[in-house]
Amino acid sequence: MAKNFVSQGQNLTLVAAAAVSSGDFVVKGDTFGVALTDAVIGEEFTLATGRVWDLPKDSALAGTEGDGVYHDGTALTLDADDGGDPAVPYLKVGVLAADAVDGNTSCKVRLNSSF
């Protein structure tokens, strides 16, 4: 193995910019994933990237497995589109891993592990 190998990259150690609880969907810059550990501001936590997670969604989000899922950088939920406003930089975070039903508050998402 190359001497400069660091890690597989599925889990990253980051410093919390806000309080983080295990299971939270976290966006930090262009990096996103699910917190595996709790942290207070300034403390390190482990962020899992990729894989399939049950995550909070906008209750109006309805879609078919394989449809893209977006995050607007501020809301605590995911949405089915990019908002259509170029002034708000939506981030495509993954695809639905199962159909999402209108009215439900969570959905199964296969997170992109890279972009």
# chains A, B, ... in the order shown; residues from 1 in each chain; ligands from 1
>>> residues_around(residues="stretch 69-80 of chain A", least_positions_apart="3", cutoff="8 Å", atoms="only C-alpha atoms", output="compact mmCIF listing (two decimals) with N, CA, C and O atoms, in the first residue's frame")
# COMPACT_ATOMS: atom_id res chain seq x y z
N PHE A 25 -28.37 14.83 10.17
CA PHE A 25 -27.82 15.11 8.85
C PHE A 25 -27.05 16.41 8.98
O PHE A 25 -27.59 17.41 9.46
N VAL A 27 -24.37 19.31 7.18
CA VAL A 27 -23.72 19.87 6.01
C VAL A 27 -22.67 20.84 6.53
O VAL A 27 -22.97 21.73 7.32
N LEU A 55 -33.72 9.76 6.60
CA LEU A 55 -33.45 11.16 6.92
C LEU A 55 -34.73 11.99 6.88
O LEU A 55 -35.67 11.66 6.15
N PRO A 56 -34.77 13.11 7.64
CA PRO A 56 -35.94 13.98 7.61
C PRO A 56 -36.10 14.63 6.24
O PRO A 56 -35.11 15.01 5.62
N LYS A 57 -37.36 14.74 5.81
CA LYS A 57 -37.63 15.36 4.51
C LYS A 57 -38.76 16.36 4.65
O LYS A 57 -39.53 16.32 5.60
N ASP A 58 -38.85 17.25 3.68
CA ASP A 58 -40.00 18.13 3.59
C ASP A 58 -41.22 17.23 3.41
O ASP A 58 -41.19 16.30 2.59
N LEU A 61 -42.34 16.39 -0.06
CA LEU A 61 -41.47 15.66 -0.98
C LEU A 61 -42.11 14.31 -1.30
O LEU A 61 -42.41 13.52 -0.41
N ALA A 62 -42.34 14.07 -2.58
CA ALA A 62 -42.82 12.78 -3.06
C ALA A 62 -41.97 12.45 -4.27
O ALA A 62 -41.71 13.30 -5.10
N GLY A 63 -41.49 11.23 -4.35
CA GLY A 63 -40.66 10.87 -5.48
C GLY A 63 -40.47 9.38 -5.57
O GLY A 63 -40.88 8.62 -4.70
N GLY A 83 -34.89 24.01 -5.85
CA GLY A 83 -35.50 25.27 -5.46
C GLY A 83 -35.73 26.24 -6.60
O GLY A 83 -36.54 27.15 -6.49
N VAL A 88 -29.98 30.81 -4.23
CA VAL A 88 -29.92 29.86 -3.12
C VAL A 88 -29.20 28.61 -3.61
O VAL A 88 -29.75 27.85 -4.41
N PRO A 89 -27.97 28.38 -3.18
CA PRO A 89 -27.19 27.26 -3.69
C PRO A 89 -27.60 25.91 -3.09
O PRO A 89 -27.12 25.52 -2.03
N TYR A 90 -28.51 25.23 -3.73
CA TYR A 90 -28.91 23.90 -3.29
C TYR A 90 -27.79 22.90 -3.60
O TYR A 90 -27.11 23.02 -4.61
N LEU A 91 -27.65 21.91 -2.74
CA LEU A 91 -26.62 20.89 -2.88
C LEU A 91 -27.30 19.54 -3.10
O LEU A 91 -28.12 19.13 -2.28
N LYS A 92 -27.01 18.88 -4.23
CA LYS A 92 -27.57 17.55 -4.45
C LYS A 92 -26.80 16.59 -3.55
O LYS A 92 -25.59 16.42 -3.69
N VAL A 93 -27.52 15.97 -2.60
CA VAL A 93 -26.85 15.13 -1.61
C VAL A 93 -27.01 13.65 -1.87
O VAL A 93 -26.30 12.84 -1.26
N GLY A 94 -27.91 13.25 -2.75
CA GLY A 94 -28.07 11.83 -3.01
C GLY A 94 -29.30 11.54 -3.84
O GLY A 94 -29.84 12.43 -4.51
N VAL A 95 -29.75 10.29 -3.75
CA VAL A 95 -30.93 9.84 -4.47
C VAL A 95 -31.82 9.05 -3.51
O VAL A 95 -31.34 8.46 -2.53
N LEU A 96 -33.11 9.05 -3.81
CA LEU A 96 -34.04 8.25 -3.01
C LEU A 96 -33.71 6.77 -3.17
O LEU A 96 -33.56 6.28 -4.29
N VAL A 109 -32.50 7.66 1.85
CA VAL A 109 -31.64 8.36 0.90
C VAL A 109 -30.29 7.67 0.83
O VAL A 109 -29.67 7.37 1.85
>>> residues_around(residues="A:Arg51", least_positions_apart="4", cutoff="10 Å", atoms="only C-alpha atoms", output="JSON, numbers by chain")
{"A": [10, 33, 34, 94, 97, 109, 110, 111, 112, 113]}
>>> residues_around(residues="A:Ser59", least_positions_apart="4", cutoff="7 Å", atoms="only C-alpha atoms", output="PyMOL selection string")
chain A and resi 102-105
>>> atom_distance(atom1="atom CA of A:Trp53", atom2="atom CA of A:Leu12")
16.6 Å
>>> closest_residue(among="A:Asp85, A:Ala18, A:Asn11, A:Thr64", to="A:Gly42", atoms="only C-alpha atoms")
A:Ala18
>>> atom_distance(atom1="atom CA of A:Ala16", atom2="atom CA of A:Thr49")
15.7 Å
>>> closest_residue(among="A:Ala39, A:Lys108, A:Val101, A:Asp67", to="A:Ser22", atoms="only C-alpha atoms")
A:Ala39
>>> closest_residue(among="A:Gly50, A:Phe32, A:Ser21, A:Gly68", to="A:Asp99", atoms="only C-alpha atoms")
A:Gly68
>>> atom_distance(atom1="atom CA of A:Val26", atom2="atom CA of A:Thr46")
10.6 Å
>>> select_by_dssp(residues="stretch 12-109 of chain A", states="strand (DSSP E or B)", output="ChimeraX atom specification")
/A:12-15,20,25-28,31-35,39,44-48,52-57,63,68-71,78-79,91-96,100,106-109
